[in-house]
Amino acid sequence: MTLERIATKVRGGERVTVAEALDLYRHASTPLLGRLADGIRARLHPDRVVSYIVDRNVNYTNVCVARCNFCAFYREVGSSEGYVLGFDEIFRKIDETIAVGGVQLLLQGGHNPDLPLTWYEDLFRAIKTRYPDFKLHALSPPEVIHLSRLSQLPVPAIIEKLMAAGLDSIPGGGAEILVDRVRKHLHCDGKATSDEWLDVMRHAHRAGLRTTATMMYGTVETDEERLEHLLRLRALQDETGGFTAFITWSYQPDHTELSGTEATGVDYLRTLAIARIVLDNFDNLQASWVTQGGKVGQLSLAYGANDMGSVMIEENVVRAAGASYCMDEAEIVRNIEDAGFIAKRRNMHYEILGDPMFRQREVPRMLELATAREAGDTSIPVELHGYPARSRAGKRSRDGAATDVQEGK
Ligand code: SF4
């Protein structure tokens with residue numbers, strides 16, 4: 001089929017096959033891809049509203065046994081740079097989030113063998129007791145699998161327990177590329193194979209949770225494998241309808257074992273556009289300004305995105321790999337409005353909450369994203385020694401912490 005005939009199919013709202021998608025992705029001009037994706041965005045969101053959420057990315061621990069080779073964020077068990085946030089630290093972050101109009105935490109972290117399931121349940125319950133309306137968008141599928149293995153319980157039981165403790169939705173992290181050949185290269189097939197990642201989402205959707213879906217591209221995958229990833233998401237969405245949105249970002253190579261170079265902004269826009277075309281059963285596509293910066297983030301709105309993602313407030317993972325863009329609510333809204341759209345705040349379910357918060361009350365400007373902790377702060381939260389550690393290093397440090405507490409240090 002010629003490119004023009006495929007383009008006519010897309011304009012007519014027909015689903016494209018993998019071969020047609022590959023043809024478009026490889027051979028269509030960037031403006032054509034943009035126009036096709038923008039046409040779908042306009043059909044799905046004719047009111048010209050571009051949404052965003054005020055929330056905070058909190059990484060509760062950087063200790064991780066998964067050791068993905070594209071990750072600059074994790075520290076090994078026993079590392080002097082490893083940390084676990086205390087409940088009080090997380091409460092403080094929630095207070096700061098609420099102060100700028102935030103409605104949820106995006107809570108994710110490393111696969112820390114010294115945090116048992118009860119730690120998560122207690123944390124979620126404590127948050128919901130203090131902040132009943134505040135939402136927990138927490139624990140990506142590999143973290144759920146990690147907890148399943150750690151506690152010897154099946155994934156549906158873990159989801160049920162986390163929901164009972166206060167889990168509201170699951171972020172789509174850890175998908176990278178849902179092709180096992182790629183996952184093996186990235187050393188992330190151990191944390192979750194493609195099927196396992198999809199299966200957590202399937203169980204979550206069946207349990208009534210909404211989730212997002214993601215794709216990190218630009219490592220070792222081929223064009224065909226990027227499309228296979230998208231098609232696997234499309235198939236699960238046909239089955240469950242549980243995904244609220246899709247977010248793609250480029251691999252950030254600095255300080256990683258894998259190293260390499262970062263994909264270009266043009267590659268990002270083309271990938272976003274083809275995702276908008278293939279994922280015809282997804283209502284929302286986010287722009288990834290945190291990896292691309294504000295200008296490409298704004299351009300994303302002409303390449304299929306209808307959402308500017310999160311104000312974020314805090315970010316640790318992408319920053320560790322070299323990217324440090326920051327946009328507060330005023331800056332996000334400026335980018336949306338300068339592109340000719342109407343900016344609205346939303347929640348995780350993409351329900352509109354209202355106009356920009358900073359136009360309703362004074363919100364402090366934020367010129368830099370916060371970090372998990374001050375550099376060099378490796379203090380051990382007091383409640384941690386109430387939970388059994390599994391690793392030798394974890395046991396040693398908790399015993400030390402317990403002794404310190406007893407001795408009033
Ligand atoms: S990407 Fe996540 S699971 Fe992989 S090493 Fe980093 S923190 Fe661990």
# chains A, B, ... in the order shown; residues from 1 in each chain; ligands from 1

call {"tool": "residues_around", "arguments": {"residues": "Trp197 (chain A)", "least_positions_apart": "6", "cutoff": "12 Å", "atoms": "only C-alpha atoms", "output": "VMD selection string"}}
result
chain A and resid 140 to 146 155 170 to 180 183 188 to 191 203 to 204 213 to 214 229 232 to 233 236

call {"tool": "write_last_selection", "arguments": {"atoms": "N, CA and C atoms", "output": "compact mmCIF listing (two decimals), in the first residue's frame"}}
result
# COMPACT_ATOMS: atom_id res chain seq x y z
N SER A 140 5.12 0.43 40.01
CA SER A 140 5.04 -0.07 38.63
C SER A 140 5.00 -1.60 38.62
N PRO A 141 4.61 -2.22 37.50
CA PRO A 141 4.50 -3.69 37.48
C PRO A 141 5.74 -4.44 38.00
N PRO A 142 6.97 -4.04 37.64
CA PRO A 142 8.10 -4.80 38.21
C PRO A 142 8.18 -4.71 39.75
N GLU A 143 7.75 -3.59 40.32
CA GLU A 143 7.75 -3.50 41.79
C GLU A 143 6.70 -4.44 42.37
N VAL A 144 5.56 -4.54 41.70
CA VAL A 144 4.52 -5.47 42.17
C VAL A 144 5.05 -6.90 42.09
N ILE A 145 5.75 -7.22 41.01
CA ILE A 145 6.32 -8.57 40.86
C ILE A 145 7.38 -8.82 41.93
N HIS A 146 8.20 -7.81 42.19
CA HIS A 146 9.22 -7.92 43.25
C HIS A 146 8.54 -8.25 44.59
N VAL A 155 0.55 -12.35 42.21
CA VAL A 155 0.36 -10.94 41.87
C VAL A 155 -1.06 -10.43 42.23
N ILE A 170 -1.92 2.39 39.11
CA ILE A 170 -0.56 1.87 38.92
C ILE A 170 0.10 2.59 37.74
N PRO A 171 1.31 3.12 37.95
CA PRO A 171 2.02 3.76 36.85
C PRO A 171 2.64 2.73 35.92
N GLY A 172 2.80 3.11 34.66
CA GLY A 172 3.25 2.14 33.65
C GLY A 172 4.75 1.99 33.53
N GLY A 173 5.49 2.35 34.56
CA GLY A 173 6.95 2.26 34.50
C GLY A 173 7.45 0.83 34.33
N GLY A 174 8.72 0.71 33.96
CA GLY A 174 9.34 -0.61 33.87
C GLY A 174 8.98 -1.37 32.62
N ALA A 175 8.25 -0.73 31.68
CA ALA A 175 7.90 -1.44 30.45
C ALA A 175 9.09 -1.45 29.50
N GLU A 176 9.86 -0.37 29.52
CA GLU A 176 10.97 -0.18 28.58
C GLU A 176 10.46 -0.56 27.18
N ILE A 177 10.96 -1.68 26.60
CA ILE A 177 10.39 -2.19 25.35
C ILE A 177 9.88 -3.60 25.66
N LEU A 178 8.62 -3.85 25.35
CA LEU A 178 8.00 -5.13 25.71
C LEU A 178 8.31 -6.20 24.66
N VAL A 179 9.59 -6.45 24.52
CA VAL A 179 10.10 -7.50 23.64
C VAL A 179 11.26 -8.15 24.40
N ASP A 180 11.19 -9.45 24.61
CA ASP A 180 12.17 -10.07 25.51
C ASP A 180 13.60 -10.04 25.00
N ARG A 183 14.77 -6.83 26.30
CA ARG A 183 14.83 -6.84 27.76
C ARG A 183 16.07 -7.61 28.24
N CYS A 188 16.87 -6.39 32.00
CA CYS A 188 15.66 -6.11 32.77
C CYS A 188 14.60 -7.18 32.57
N ASP A 189 14.99 -8.32 31.92
CA ASP A 189 14.02 -9.41 31.77
C ASP A 189 13.81 -10.12 33.10
N GLY A 190 14.81 -10.02 34.00
CA GLY A 190 14.67 -10.65 35.32
C GLY A 190 13.62 -9.97 36.17
N LYS A 191 13.56 -8.64 36.09
CA LYS A 191 12.57 -7.94 36.93
C LYS A 191 11.16 -8.17 36.40
N HIS A 203 -4.14 -7.97 35.52
CA HIS A 203 -4.72 -8.21 36.85
C HIS A 203 -5.20 -6.91 37.49
N ALA A 204 -4.39 -5.86 37.35
CA ALA A 204 -4.78 -4.57 37.94
C ALA A 204 -6.09 -4.08 37.32
N ALA A 213 0.47 3.41 30.55
CA ALA A 213 1.41 2.56 29.82
C ALA A 213 2.54 3.45 29.33
N THR A 214 3.75 2.89 29.30
CA THR A 214 4.90 3.70 28.89
C THR A 214 5.75 2.95 27.87
N HIS A 229 6.02 -3.38 20.58
CA HIS A 229 5.64 -2.86 21.90
C HIS A 229 4.26 -2.19 21.84
N ARG A 232 1.42 -4.64 21.35
CA ARG A 232 1.08 -5.42 22.54
C ARG A 232 0.23 -4.59 23.51
N LEU A 233 0.54 -3.31 23.62
CA LEU A 233 -0.28 -2.44 24.46
C LEU A 233 -1.68 -2.30 23.87
N LEU A 236 -3.75 -5.37 24.67
CA LEU A 236 -4.25 -5.45 26.05
C LEU A 236 -5.34 -4.41 26.29

call {"tool": "select_by_dssp", "arguments": {"residues": "region 234-381 of chain A", "states": "alpha helix (DSSP H)", "output": "PyMOL selection string"}}
result
chain A and resi 234-240+265-278+289-299+317-320+329-338

call {"tool": "residues_near_ligand", "arguments": {"ligand": "ligand 1", "cutoff": "12 Å", "atoms": "only C-alpha atoms and all ligand atoms", "output": "PyMOL selection string"}}
result
chain A and resi 59-77+82+108-113+139-146+172-176+183+186-192+216+251-252+256-258+316-318+320-321

call {"tool": "residues_around", "arguments": {"residues": "region 272-286 of chain A", "least_positions_apart": "2", "cutoff": "6 Å", "atoms": "only C-alpha atoms", "output": "JSON, numbers by chain"}}
result
{"A": [33, 34, 37, 234, 245, 246, 247, 269, 270, 303, 304, 305, 306, 307, 308, 309]}

call {"tool": "write_last_selection", "arguments": {"atoms": "C-alpha atoms", "output": "PDB file, in the first residue's frame"}}
result
ATOM      1  CA  LEU A  33       3.325  12.004  10.589  1.00  0.00           C
ATOM      2  CA  GLY A  34       2.592  15.078  12.695  1.00  0.00           C
ATOM      3  CA  ALA A  37      -1.288  12.284  14.676  1.00  0.00           C
ATOM      4  CA  ARG A 234      -3.053  -1.969  21.909  1.00  0.00           C
ATOM      5  CA  ALA A 245      -2.777   7.134  28.891  1.00  0.00           C
ATOM      6  CA  PHE A 246       0.448   6.362  27.080  1.00  0.00           C
ATOM      7  CA  ILE A 247       3.754   8.096  27.740  1.00  0.00           C
ATOM      8  CA  LEU A 269       8.273  13.510  17.758  1.00  0.00           C
ATOM      9  CA  ARG A 270       8.104  10.777  15.103  1.00  0.00           C
ATOM     10  CA  TYR A 303       2.413  15.429  17.179  1.00  0.00           C
ATOM     11  CA  GLY A 304      -0.421  13.695  18.987  1.00  0.00           C
ATOM     12  CA  ALA A 305      -0.056  14.615  22.665  1.00  0.00           C
ATOM     13  CA  ASN A 306      -3.081  16.089  24.448  1.00  0.00           C
ATOM     14  CA  ASP A 307      -1.549  16.198  27.918  1.00  0.00           C
ATOM     15  CA  MET A 308       1.572  17.842  29.342  1.00  0.00           C
ATOM     16  CA  GLY A 309       2.045  15.222  32.039  1.00  0.00           C
TER      17      GLY A 309
END

call {"tool": "atom_distance", "arguments": {"atom1": "CA of Ser310 (chain A)", "atom2": "CA of Leu367 (chain A)"}}
result
15.1 Å

call {"tool": "atom_distance", "arguments": {"atom1": "CA of Ser391 (chain A)", "atom2": "CA of Leu115 (chain A)"}}
result
10.1 Å

call {"tool": "residues_around", "arguments": {"residues": "Ser151 (chain A)", "least_positions_apart": "5", "cutoff": "9 Å", "atoms": "only C-alpha atoms", "output": "PyMOL selection string"}}
result
chain A and resi 116-117+146+158

call {"tool": "residues_around", "arguments": {"residues": "region 328-334 of chain A", "least_positions_apart": "2", "cutoff": "10 Å", "atoms": "only C-alpha atoms", "output": "mmCIF file with N, CA, C and O atoms, in the first residue's frame"}}
result
data_model
loop_
_atom_site.group_PDB
_atom_site.id
_atom_site.type_symbol
_atom_site.label_atom_id
_atom_site.label_comp_id
_atom_site.auth_asym_id
_atom_site.auth_seq_id
_atom_site.Cartn_x
_atom_site.Cartn_y
_atom_site.Cartn_z
ATOM 1 N N VAL A 50 -5.762 21.019 26.688
ATOM 2 C CA VAL A 50 -4.572 20.217 27.000
ATOM 3 C C VAL A 50 -4.456 20.188 28.519
ATOM 4 O O VAL A 50 -4.430 21.230 29.177
ATOM 5 N N SER A 51 -4.438 18.978 29.049
ATOM 6 C CA SER A 51 -4.467 18.826 30.501
ATOM 7 C C SER A 51 -3.063 18.602 31.070
ATOM 8 O O SER A 51 -2.105 18.344 30.343
ATOM 9 N N TYR A 52 -2.984 18.702 32.388
ATOM 10 C CA TYR A 52 -1.760 18.377 33.125
ATOM 11 C C TYR A 52 -2.187 18.082 34.553
ATOM 12 O O TYR A 52 -3.304 18.419 34.971
ATOM 13 N N ILE A 53 -1.303 17.429 35.290
ATOM 14 C CA ILE A 53 -1.618 17.108 36.687
ATOM 15 C C ILE A 53 -0.568 17.739 37.587
ATOM 16 O O ILE A 53 0.618 17.804 37.207
ATOM 17 N N VAL A 54 -1.004 18.212 38.732
ATOM 18 C CA VAL A 54 -0.035 18.676 39.735
ATOM 19 C C VAL A 54 0.176 17.512 40.691
ATOM 20 O O VAL A 54 -0.733 17.136 41.447
ATOM 21 N N VAL A 100 0.941 23.376 46.771
ATOM 22 C CA VAL A 100 0.936 23.956 45.406
ATOM 23 C C VAL A 100 -0.210 23.383 44.558
ATOM 24 O O VAL A 100 -0.184 23.437 43.332
ATOM 25 N N GLY A 101 -1.206 22.797 45.225
ATOM 26 C CA GLY A 101 -2.390 22.322 44.514
ATOM 27 C C GLY A 101 -2.297 20.890 44.033
ATOM 28 O O GLY A 101 -3.105 20.452 43.213
ATOM 29 N N TRP A 289 8.043 16.280 28.644
ATOM 30 C CA TRP A 289 8.934 17.449 28.672
ATOM 31 C C TRP A 289 10.127 17.211 29.586
ATOM 32 O O TRP A 289 11.166 17.841 29.435
ATOM 33 N N GLY A 294 11.099 21.893 27.516
ATOM 34 C CA GLY A 294 9.815 22.562 27.306
ATOM 35 C C GLY A 294 9.461 22.755 25.849
ATOM 36 O O GLY A 294 8.305 22.614 25.457
ATOM 37 N N GLY A 297 8.530 19.563 24.282
ATOM 38 C CA GLY A 297 7.277 19.229 24.984
ATOM 39 C C GLY A 297 6.110 19.974 24.355
ATOM 40 O O GLY A 297 5.047 19.405 24.107
ATOM 41 N N GLN A 298 6.337 21.256 24.064
ATOM 42 C CA GLN A 298 5.279 22.060 23.441
ATOM 43 C C GLN A 298 4.983 21.561 22.018
ATOM 44 O O GLN A 298 3.819 21.435 21.622
ATOM 45 N N MET A 308 0.179 17.453 29.072
ATOM 46 C CA MET A 308 1.572 17.842 29.342
ATOM 47 C C MET A 308 2.144 17.097 30.545
ATOM 48 O O MET A 308 3.185 17.484 31.070
ATOM 49 N N GLY A 309 1.485 16.028 30.961
ATOM 50 C CA GLY A 309 2.045 15.222 32.039
ATOM 51 C C GLY A 309 1.931 15.927 33.375
ATOM 52 O O GLY A 309 0.922 16.555 33.679
ATOM 53 N N SER A 310 3.015 15.872 34.128
ATOM 54 C CA SER A 310 2.942 16.272 35.523
ATOM 55 C C SER A 310 3.811 17.488 35.797
ATOM 56 O O SER A 310 4.884 17.647 35.215
ATOM 57 N N VAL A 311 3.349 18.321 36.716
ATOM 58 C CA VAL A 311 4.193 19.414 37.193
ATOM 59 C C VAL A 311 5.391 18.828 37.954
ATOM 60 O O VAL A 311 6.468 19.414 37.995
ATOM 61 N N MET A 312 5.189 17.695 38.529
ATOM 62 C CA MET A 312 6.269 16.828 39.016
ATOM 63 C C MET A 312 6.907 17.225 40.348
ATOM 64 O O MET A 312 7.185 16.383 41.176
ATOM 65 N N ILE A 313 7.260 18.485 40.536
ATOM 66 C CA ILE A 313 7.831 19.015 41.786
ATOM 67 C C ILE A 313 9.174 18.373 42.131
ATOM 68 O O ILE A 313 10.123 19.044 42.515
ATOM 69 N N CYS A 326 13.088 21.573 34.202
ATOM 70 C CA CYS A 326 12.114 21.877 35.260
ATOM 71 C C CYS A 326 11.053 22.805 34.691
ATOM 72 O O CYS A 326 11.377 23.776 34.014
ATOM 73 N N ILE A 336 1.455 25.523 27.021
ATOM 74 C CA ILE A 336 0.179 25.049 26.446
ATOM 75 C C ILE A 336 -0.529 26.200 25.720
ATOM 76 O O ILE A 336 -0.955 26.078 24.568
ATOM 77 N N GLU A 337 -0.634 27.339 26.409
ATOM 78 C CA GLU A 337 -1.408 28.458 25.840
ATOM 79 C C GLU A 337 -0.697 29.082 24.636
ATOM 80 O O GLU A 337 -1.352 29.466 23.664
ATOM 81 N N ASP A 338 0.629 29.167 24.694
ATOM 82 C CA ASP A 338 1.368 29.723 23.548
ATOM 83 C C ASP A 338 1.204 28.859 22.301
ATOM 84 O O ASP A 338 1.377 29.334 21.179
ATOM 85 N N ALA A 339 0.884 27.577 22.505
ATOM 86 C CA ALA A 339 0.659 26.689 21.356
ATOM 87 C C ALA A 339 -0.803 26.739 20.894
ATOM 88 O O ALA A 339 -1.190 25.999 19.984
ATOM 89 N N GLY A 340 -1.609 27.577 21.532
ATOM 90 C CA GLY A 340 -2.988 27.762 21.077
ATOM 91 C C GLY A 340 -4.005 26.835 21.723
ATOM 92 O O GLY A 340 -5.113 26.668 21.205
ATOM 93 N N PHE A 341 -3.656 26.253 22.871
ATOM 94 C CA PHE A 341 -4.579 25.347 23.546
ATOM 95 C C PHE A 341 -5.070 25.952 24.864
ATOM 96 O O PHE A 341 -4.568 26.976 25.323
ATOM 97 N N ILE A 342 -6.049 25.269 25.455
ATOM 98 C CA ILE A 342 -6.608 25.710 26.744
ATOM 99 C C ILE A 342 -6.064 24.786 27.826
ATOM 100 O O ILE A 342 -6.206 23.562 27.720
ATOM 101 N N ALA A 343 -5.448 25.344 28.836
ATOM 102 C CA ALA A 343 -4.803 24.531 29.877
ATOM 103 C C ALA A 343 -5.772 24.235 31.019
ATOM 104 O O ALA A 343 -6.427 25.137 31.531
ATOM 105 N N LYS A 344 -5.856 22.955 31.390
ATOM 106 C CA LYS A 344 -6.732 22.564 32.510
ATOM 107 C C LYS A 344 -6.014 21.547 33.389
ATOM 108 O O LYS A 344 -5.347 20.641 32.878
ATOM 109 N N ARG A 345 -6.249 21.690 34.690
ATOM 110 C CA ARG A 345 -5.725 20.679 35.634
ATOM 111 C C ARG A 345 -6.611 19.450 35.589
ATOM 112 O O ARG A 345 -7.811 19.535 35.397
ATOM 113 N N ASP A 355 -9.258 25.232 36.333
ATOM 114 C CA ASP A 355 -8.271 26.099 35.691
ATOM 115 C C ASP A 355 -6.966 26.046 36.481
ATOM 116 O O ASP A 355 -6.929 25.512 37.591
ATOM 117 N N PRO A 356 -5.920 26.616 35.919
ATOM 118 C CA PRO A 356 -4.632 26.589 36.623
ATOM 119 C C PRO A 356 -4.743 27.111 38.052
ATOM 120 O O PRO A 356 -5.387 28.130 38.312
ATOM 121 N N MET A 357 -4.104 26.392 38.941
ATOM 122 C CA MET A 357 -4.149 26.727 40.367
ATOM 123 C C MET A 357 -3.545 28.096 40.641
ATOM 124 O O MET A 357 -4.062 28.867 41.450
ATOM 125 N N PHE A 358 -2.454 28.435 39.933
ATOM 126 C CA PHE A 358 -1.755 29.692 40.250
ATOM 127 C C PHE A 358 -2.589 30.918 39.884
ATOM 128 O O PHE A 358 -2.263 32.036 40.271
ATOM 129 N N ARG A 359 -3.688 30.687 39.119
ATOM 130 C CA ARG A 359 -4.562 31.825 38.800
ATOM 131 C C ARG A 359 -5.659 31.970 39.851
ATOM 132 O O ARG A 359 -6.424 32.923 39.837
ATOM 133 N N VAL A 363 0.764 30.695 44.345
ATOM 134 C CA VAL A 363 1.528 29.450 44.407
ATOM 135 C C VAL A 363 2.983 29.831 44.204
ATOM 136 O O VAL A 363 3.302 30.522 43.231
ATOM 137 N N PRO A 364 3.890 29.414 45.101
ATOM 138 C CA PRO A 364 5.291 29.800 44.924
ATOM 139 C C PRO A 364 5.876 29.279 43.611
ATOM 140 O O PRO A 364 5.558 28.155 43.210
ATOM 141 N N ARG A 365 6.694 30.107 42.922
ATOM 142 C CA ARG A 365 7.347 29.655 41.693
ATOM 143 C C ARG A 365 8.367 28.574 42.038
ATOM 144 O O ARG A 365 8.954 28.570 43.106
ATOM 145 N N MET A 366 8.566 27.657 41.121
ATOM 146 C CA MET A 366 9.486 26.544 41.362
ATOM 147 C C MET A 366 10.488 26.551 40.197
ATOM 148 O O MET A 366 10.126 26.283 39.059
ATOM 149 N N LEU A 367 11.733 26.906 40.497
ATOM 150 C CA LEU A 367 12.718 27.050 39.432
ATOM 151 C C LEU A 367 13.610 25.826 39.302
ATOM 152 O O LEU A 367 14.399 25.708 38.377
ATOM 153 N N GLU A 368 13.472 24.915 40.241
ATOM 154 C CA GLU A 368 14.289 23.701 40.211
ATOM 155 C C GLU A 368 13.479 22.564 40.820
ATOM 156 O O GLU A 368 12.777 22.782 41.816
ATOM 157 N N LEU A 369 13.577 21.377 40.227
ATOM 158 C CA LEU A 369 12.865 20.245 40.810
ATOM 159 C C LEU A 369 13.571 19.802 42.083
ATOM 160 O O LEU A 369 14.808 19.803 42.151
#

call {"tool": "atom_distance", "arguments": {"atom1": "CA of Val10 (chain A)", "atom2": "CA of Gln237 (chain A)"}}
result
19.0 Å

call {"tool": "closest_residue", "arguments": {"among": "A:Thr2, A:Ser379, A:Asn347, A:Thr371", "to": "Ala19 (chain A)", "atoms": "only C-alpha atoms"}}
result
A:Thr2

call {"tool": "select_by_dssp", "arguments": {"residues": "region 214-395 of chain A", "states": "strand (DSSP E)", "output": "ChimeraX atom specification"}}
result
/A:214-217,243-250,284-286,307-310,342-346,352-354

call {"tool": "residues_around", "arguments": {"residues": "Ser250 (chain A)", "least_positions_apart": "5", "cutoff": "7 Å", "atoms": "only C-alpha atoms", "output": "PyMOL selection string"}}
result
chain A and resi 216-218+262-263+268+291

call {"tool": "write_last_selection", "arguments": {"atoms": "all heavy atoms", "output": "PDB file, in the first residue's frame"}}
result
ATOM      1  N   MET A 216      10.081   3.240  26.909  1.00  0.00           N
ATOM      2  CA  MET A 216      11.390   3.904  26.847  1.00  0.00           C
ATOM      3  C   MET A 216      12.103   3.365  25.615  1.00  0.00           C
ATOM      4  O   MET A 216      12.388   2.179  25.534  1.00  0.00           O
ATOM      5  CB  MET A 216      12.210   3.604  28.099  1.00  0.00           C
ATOM      6  CG  MET A 216      13.570   4.303  28.070  1.00  0.00           C
ATOM      7  SD  MET A 216      14.725   3.690  29.291  1.00  0.00           S
ATOM      8  CE  MET A 216      15.192   2.100  28.610  1.00  0.00           C
ATOM      9  N   TYR A 217      12.377   4.224  24.653  1.00  0.00           N
ATOM     10  CA  TYR A 217      12.992   3.779  23.404  1.00  0.00           C
ATOM     11  C   TYR A 217      14.389   4.383  23.294  1.00  0.00           C
ATOM     12  O   TYR A 217      14.768   5.266  24.065  1.00  0.00           O
ATOM     13  CB  TYR A 217      12.121   4.206  22.208  1.00  0.00           C
ATOM     14  CG  TYR A 217      12.117   5.698  22.009  1.00  0.00           C
ATOM     15  CD1 TYR A 217      13.057   6.309  21.190  1.00  0.00           C
ATOM     16  CD2 TYR A 217      11.217   6.500  22.692  1.00  0.00           C
ATOM     17  CE1 TYR A 217      13.091   7.684  21.035  1.00  0.00           C
ATOM     18  CE2 TYR A 217      11.242   7.873  22.542  1.00  0.00           C
ATOM     19  CZ  TYR A 217      12.184   8.457  21.722  1.00  0.00           C
ATOM     20  OH  TYR A 217      12.223   9.814  21.585  1.00  0.00           O
ATOM     21  N   GLY A 218      15.145   3.870  22.303  1.00  0.00           N
ATOM     22  CA  GLY A 218      16.442   4.487  22.015  1.00  0.00           C
ATOM     23  C   GLY A 218      17.619   3.744  22.613  1.00  0.00           C
ATOM     24  O   GLY A 218      18.711   4.308  22.733  1.00  0.00           O
ATOM     25  N   GLU A 262      21.822   9.788  23.143  1.00  0.00           N
ATOM     26  CA  GLU A 262      20.380  10.011  23.293  1.00  0.00           C
ATOM     27  C   GLU A 262      19.733  10.213  21.932  1.00  0.00           C
ATOM     28  O   GLU A 262      20.315  10.841  21.040  1.00  0.00           O
ATOM     29  CB  GLU A 262      20.161  11.253  24.160  1.00  0.00           C
ATOM     30  CG  GLU A 262      18.711  11.430  24.548  1.00  0.00           C
ATOM     31  CD  GLU A 262      18.464  12.724  25.311  1.00  0.00           C
ATOM     32  OE1 GLU A 262      19.421  13.319  25.838  1.00  0.00           O
ATOM     33  OE2 GLU A 262      17.292  13.122  25.357  1.00  0.00           O
ATOM     34  N   ALA A 263      18.529   9.678  21.769  1.00  0.00           N
ATOM     35  CA  ALA A 263      17.776   9.879  20.522  1.00  0.00           C
ATOM     36  C   ALA A 263      17.481  11.369  20.340  1.00  0.00           C
ATOM     37  O   ALA A 263      17.419  12.122  21.311  1.00  0.00           O
ATOM     38  CB  ALA A 263      16.472   9.088  20.591  1.00  0.00           C
ATOM     39  N   TYR A 268      11.979  11.630  18.716  1.00  0.00           N
ATOM     40  CA  TYR A 268      10.921  11.647  19.741  1.00  0.00           C
ATOM     41  C   TYR A 268       9.566  12.012  19.122  1.00  0.00           C
ATOM     42  O   TYR A 268       8.567  11.315  19.344  1.00  0.00           O
ATOM     43  CB  TYR A 268      11.268  12.643  20.864  1.00  0.00           C
ATOM     44  CG  TYR A 268      10.112  12.829  21.814  1.00  0.00           C
ATOM     45  CD1 TYR A 268       9.770  11.824  22.721  1.00  0.00           C
ATOM     46  CD2 TYR A 268       9.310  13.962  21.747  1.00  0.00           C
ATOM     47  CE1 TYR A 268       8.668  11.960  23.555  1.00  0.00           C
ATOM     48  CE2 TYR A 268       8.209  14.110  22.584  1.00  0.00           C
ATOM     49  CZ  TYR A 268       7.898  13.107  23.484  1.00  0.00           C
ATOM     50  OH  TYR A 268       6.806  13.229  24.301  1.00  0.00           O
ATOM     51  N   THR A 291      12.172  14.750  29.735  1.00  0.00           N
ATOM     52  CA  THR A 291      13.350  14.271  29.000  1.00  0.00           C
ATOM     53  C   THR A 291      13.642  15.145  27.780  1.00  0.00           C
ATOM     54  O   THR A 291      14.775  15.184  27.317  1.00  0.00           O
ATOM     55  CB  THR A 291      13.165  12.815  28.499  1.00  0.00           C
ATOM     56  OG1 THR A 291      12.006  12.747  27.668  1.00  0.00           O
ATOM     57  CG2 THR A 291      13.053  11.842  29.653  1.00  0.00           C
TER      58      THR A 291
END

call {"tool": "closest_residue", "arguments": {"among": "A:Leu231, A:Val84, A:Val220, A:Met215", "to": "Ser397 (chain A)", "atoms": "only C-alpha atoms"}}
result
A:Val84
